[in-house]
Each structure stands twice: as C-alpha cells, then as structure tokens.
Amino acid sequence: MYRRWLWPGFAFPGVLWLILLFAVPFYAVVAVAFGSVDPVLLQPVPLWNPLEWNVGWVSEVLHRLAPGGNLSGVAVRTIEYVAIALALSVLIGYPVAYYIARHAGRMKNLLLVLIILPLWISYLMRMLAWVNLLAPEGYVNRFLTYTHVLSQPRDWLGGQPSTVILALVYGYIPYFILPLFAALDRIDRSHLEAARDLGASPWSTFRTVTLPLSKAGILGGAVLITLPMFGDYYTPNIVSQAPTTSMIGNQIDFYFHYGGQPTIGAAITVVLALFLTALMAYYMWTIHRAAREVPQV
Amino acid sequence: MTLHPKERGGLNRKEFLVRAAGAASLATGVGGILAACSSETTASSPTGTGGELLGPGGLPIARPDKRVTMPLWEDPIESGLEPETGGTFTVFNYPAYFYKKLLKDFGKKYNVDVQYTAFDNISSGIQRLASGAVTPDVMEMTPDNLSRAVAGKLIKPLNLDYIPNLKKNVWPDLVSPFYDVDSHYTVPYTIYATGIFWRNDKVSEDIASMSQPWDIFWQSQKYKGKVALLSEERETIGMALLRKGITDINTEDPARIDQAVADLKELYGVCNIKVGDVQYQSIPEGTAWLNQAWSGDPIAAYIYYLPKGTPASALSYWKAEKGKTPVQNDCFSICKTTKKPVLSHLFLNFLLDNGVSYSNFVNFNGYQPPINEIDPESLVKKGIVPENLTTAVLTNDDLGPDSLQYGTLTARGQQLWQDGYSDFTAAG
C-alpha cells in the first residue's frame, strides 16, 4: 500500500500547485464570464454554479468574433501576427538551436547563456529599450541609413504591423530556441551517421532524420511562444499604440480594466482559451504519436 | 519498436479533424442546453418619477446645469476631535500623481508613515476598494464616479469644520460643486480641459484659427504615425461628437455614439491614428506631433520633458471656448476603510493649502489645482508657464452651468460608450 502511493505522492505538490494556481483561477474566470455585473459598483458577480450560468456574455462575444462582428478583425489580425511571428521564430530559431546543438562545441554553454541572458531583464524593459532603438533618430535607423539599406529613416514606431511582429519574435524567441535545442541535442548521432553511411546527403539526412526527430522540440517551442503571444497586449501597446495593430489581448485588457463590463473580458478569455485548447490538443496528439514512433530500446 | 502506420492506435489528421468537429458540435449542444440559462447582457437605464435618467444606486445624475446633493449614508465625524497619530496612512491614487515630498512632510507633521498605493484608473480603484483588496484612508475620486462610490457606501461624509482651506482657497464654483452640492463627500484636487497639443514647428496648419480645430485630425494625412488621441472612451467619442457640433457629451443615444465611432474609424486611413496617454512626453520629445491632450500636459511637458535645444515656443495648445470644451476636475475623498478619519480630514485640508497645492503643481504634477492664488498671469510672471501656453491654464470662469463636463452615465450608457470605444480600438 505504502509503495503504491509513494511515487504518485511525489506529484502531489505539483497537482496542488496546478489546482490552486491554475484550475481555481481559471474557473473563477469562467464563473465571471457566465456571471453578471453589480449594477452599482460595476464589479463582476461570478456565478459558481453552472446551472445558474448566464450565457449571454459568451454568446455576445461569439457573435462579435464571428465574421462581420466588430471583434472579427482583431481576432484575425491576432492569428496573422502570431502565425507570422511563429514562422519567423522557426526560421531564425531553428538554425540557432541547430548550430548550438551540433556545431558550437566548447562554446555551447556560453551561447546558451547568451540566449538566456535577455530573460534576466523584464520583458517590458526590453520592449521599452526597443522603443529608443527604433526611434526616428535611434540606432536602428542610423545603422540602416549609414549602410544604405534605407535611403531615409523608417517610422518604425508609427503603428507598423511589421514592428509589432518583430517585437513579438524578439520577445519570445528564446523560449522557442531552448526546448528546440534540448530536442536537437538529444538526437543520437548514430542515427545521423547511419543515414550518411547509407548514402544520404547532408540535406537528405537533415530532412529525413534530424527534422522529424526534432518535430517534438519545434512543436514544444511553438506552444511555449504562441500561447503567451495570443494573450499579449503590452507589445502592441509599447511599440505601436495604433488600433490598426491591436491584438485580442488589448480587448481583454480594456474590458477587464476599464469600466463596467469585466464579464466581456472574461468571456473573450474563455473563448480564446477554447481556441488555444484546440491547438494544444493537436500538439498533444502529435507528441503522443511521436512517442509511439520512437524506437523502443 | 517502430509501429507500422496500420498499427497506430492514435488518431490520424482526418480522424482528428472529424473528432474535433464532433467536439465542436457537442460544445454547441452544450451551448444549446446552456441557452436555457439566462442570457442577460443589456444593462438598464433606470428613470426617476419625472422620467429623468438615474445613475448608480438610483441617485440623480448631476450635470453642470443640474446640481445634485449627495445623500449622507452616515453622519460625518464630530468637530473638535484630535487627529490620530502613529501607524500608516494610505493615499490611494493614480501612479505618480502626488508629490512624494509633500506626503513625507504630512507624515512628519502628524507622526504617521504615509504610504502611496496606486490604481490604474478610478474604476478599477473603486472595484479594489469595494472588494476589500485595499484599505486606504483617502483616495482620488472623479465626479462621474462619485455616485457609484456614494451608493456603494465606499466613501465617508465630510465634516468641513476640519477643512477650512476649502472655502478659503478654492475657486468659488468648486466650494460647493454641481456634482456634490455642499461638498458632502469631496474636495477638488486638480482641474483640466481637453484640447489639442501640437508641435508648431512640425504641423504647418494654424489649428487655433481653423473654423473647427478638431477637424485637424481628419486632415492629418501628412503627419501619419505622429498623431494620437487620448486612450479614454469618453474623450475620444466625446471629441468626435463635439467636432460635429454636438455638445451633449453625455448622450446615451446609440445612433449618435455609433456615428461618432464611425467618424473616429476614418482616422485609420487618414493618419493611422494612435491612442495613448503619453502626450506630455511624446510631443516635447518630437515622437508625436499632434495629440488630443489635457491642459495639464503642455505644462508638464514644458516643466519636465522639453529637451535642450527645443524652444518652448515650439509647443502650442488649443482648447475651445467655454461651453464647447470639456472641463474636468479630480477630487479627493475619505474612504470608508479609514482608521484615521480625523487625520484624513486634515489631509484633505493639507492638499488645499496654498503652498502645498502650488508645490504639488509646479514641482511634480503639472496639473493645475483650482486655487484662487494660482492664475495665468502669476504663472507666466514666475516663469512656470510660457506665454504661448497660457491657453492651458484655467480659471473659475471656465466653470459654471453653461460649461461642459463628462458626467455620470447610466449603466446602459456606460455600456454603449465602452462598446463604441472597443469597436474603435479593435479596428475590425
């Protein structure tokens, strides 16, 4: 009996942590989304009993997010920004992670520290630093005009979608590189040698061995960065401030923090969580399948 | 062992999609069941016996031409009590909106440790106070939120015997303001109008002499990326109403609000409009050229943010004449959570002291207190405000029954304004 509960018991602190800091707070958001608002203080009145839920707010949000609704544009824009930022993160992050895992040699630890180093500074501070760098007279414009890449300074902070996307990439890419590096570093070199011995070219070896074996790392990194990107609101706030580059997180922030409809903010959060759950389900299914495909020793 | 594709027990892509669709249908089914629950989202617009709209708690809605006396939900403290000393005294306010040196002086004088707790905005501040998340002694209040705080019994009635500076130093119109006749719950703190702040070395138009200066935002194609509005639903939508000559800036008419939002949306294409509240910094530094702004912004810009080499004459500020420009004031109230009610009264008297309010204004805040001693001429004479920015200084004449002020809305009205602003900022 004692042995039966010993090892599962090690999971208890983690489970407790999840219940207290994830499950309960998330249910509170759900209870607010299906709740009502105090007419005097405009505070949310959560409804904890599902049988008493008021579905009006979630239904209202779904209506607004549907094509033609006033939130459909910001929802599509968010998906576009996150998709492009993710694609850029893969294009930039994969070679970096691959180089560190395969070719960095004794420099590996140093490079890893350099990747992690920016995370020691607050995200907001890093973004604010970019505001100075991207200013019309900032170093980025000075460098690009000096090297004749640009004929005149670009208005990076003038509400440009590209600036928001690049800022997202900059802010989150370390979280993509690290799990990908771990996946690439774990690949048994004998698999690569076997492929080469069997006549595969370096590209073919990469395409048929390395890439499939690092798929879990890519997906893990992608999940790690896309989830917070979908809820991000401070990046567009800091580097753009234009409504035309706002993301769905800005609407959640607005409804939670300003005025009398926190229920709408909670309802958008719940709908976004359902959407992300679908993405997570795909990730879990892929990981599950990949695990079954791994050769058992 | 690697499994053959035929032996895989997991889902393939097609099955995944089919099952996901099934799950979605199930969710829809659950939605159908939930539809049996209530689905109320529209707030009501309660009215009084005369058909007039009522605010939170059924309290009458105040307007500059409709004075309202707030009911007392308890008696004020008695006169002649000694102030409490020792422990902590908490001021609940916007971040960086009170000169900390003055708070230290107050703490020293009454032997208390003054703590400054910040909120994002009044609305969230009231929510935090109501939930018990904070227990401040005094807090910043705005006239449009006053009835919520009174109806929720979140602030205490004042005994003005402890606050002689109110009658002695404050502008006549704010000694007994329209939103709180006889100052039952508030004393005024700062005052400001809403206008246009711009760099006249970057913007070529003479905005002040335009027949409708607000039109400049709709004619700002050549300043694209350098143009911003305040990130406030009342200010943005209200500005669009004023531009069309509608001076009812507290309207709850959905058609008017929809039209104002539609007008604001035109600004995406005109100048890729931004929204934000850093115009006191961005205009003097030149990262923005044209901004909707409060009158405190150009003064703060001149005092604190003007870079060397940029002359003060490069800054311009315009506000419309009385009756066409919104004039707002912030207040201070005593919270129900105070354990030091006498000292809280003395704090309200302290902030209305001539020297304290002046120091708070010129050494830190940049926002003008409505104090008799502070007038445009004296500010120019002392070099606090350059002559070209006297348009940003207000006087008691800017107030009165024919002035404009964003006031309390019904819950339904608040919903309309908030959803309109969401529509604008979502840029759908």
# chains A, B, ... in the order shown; residues from 1 in each chain; ligands from 1
>>> residues_around(residues="stretch 109-123 of chain A", least_positions_apart="3", cutoff="9 Å", atoms="only C-alpha atoms", output="PyMOL selection string")
chain A and resi 100+104-106+126-128+171+174-175+177-178
>>> closest_atom_pairs(of="chain A", to="chain B", cutoff="7 Å", atoms="only C-alpha atoms", output="CSV")
residue,atom,partner,partner_atom,distance
A:Pro39,CA,B:Ala411,CA,6.8
A:Val40,CA,B:Pro56,CA,4.8
A:Leu41,CA,B:Arg148,CA,5.9
A:Gln43,CA,B:Gln127,CA,6.1
A:Glu52,CA,B:Cys37,CA,6.5
A:Trp53,CA,B:Cys37,CA,6.0
A:Asn54,CA,B:Ser38,CA,4.7
A:Val55,CA,B:Ser39,CA,4.9
A:Gly56,CA,B:Ser39,CA,3.7
A:Trp57,CA,B:Thr41,CA,6.1
A:Asn70,CA,B:Gly428,CA,5.4
A:Leu71,CA,B:Gly428,CA,5.8
A:Ser72,CA,B:Gly428,CA,6.2
A:Gly73,CA,B:Gly428,CA,3.8
A:Val74,CA,B:Ala426,CA,5.5
A:Gly158,CA,B:Gly225,CA,3.9
A:Gly159,CA,B:Gly225,CA,6.1
A:Gln241,CA,B:Lys274,CA,5.1
A:Ala242,CA,B:Lys274,CA,4.0
A:Pro243,CA,B:Thr425,CA,4.6
A:Thr244,CA,B:Ala427,CA,5.3
A:Ser246,CA,B:Ala426,CA,6.4
A:Gln251,CA,B:Ser422,CA,6.9
A:His257,CA,B:Ser124,CA,6.1
A:Tyr258,CA,B:Ser123,CA,6.4
A:Gly259,CA,B:Ser123,CA,5.7
A:Gly260,CA,B:Gln415,CA,7.0
A:Arg289,CA,B:Gly10,CA,6.3
A:Glu293,CA,B:Thr2,CA,5.1
A:Val294,CA,B:Thr2,CA,6.3
A:Pro295,CA,B:Met1,CA,4.7
A:Gln296,CA,B:Met1,CA,4.9
>>> select_by_dssp(residues="stretch 173-332 of chain B", states="strand (DSSP E or B)", output="PyMOL selection string")
chain B and resi 187-199+227-229+274-275+290-294+315-318+326-332
>>> atom_distance(atom1="atom CA of B:Gly383", atom2="atom CA of B:Asn169")
22.2 Å
>>> residues_around(residues="A:Ala182", least_positions_apart="3", cutoff="10 Å", atoms="only C-alpha atoms", output="list in words")
Ala97, Tyr98, Ala101, Ile177, Leu178, Pro179, Asp185, Arg186, Ile187, Ser214 and Gly217 of chain A
>>> write_last_selection(atoms="C-alpha atoms", output="tab-separated table (two decimals), in the first residue's frame")
chain	number	residue	atom	x	y	z
A	97	ALA	CA	19.35	25.89	-31.96
A	98	TYR	CA	20.83	23.53	-34.58
A	101	ALA	CA	23.39	21.64	-30.51
A	177	ILE	CA	15.11	28.05	-29.03
A	178	LEU	CA	15.62	26.39	-25.66
A	179	PRO	CA	13.22	23.40	-25.99
A	185	ASP	CA	20.82	17.87	-28.53
A	186	ARG	CA	19.10	14.61	-27.57
A	187	ILE	CA	19.18	13.17	-31.09
A	214	SER	CA	13.19	17.42	-33.72
A	217	GLY	CA	11.01	20.26	-29.98
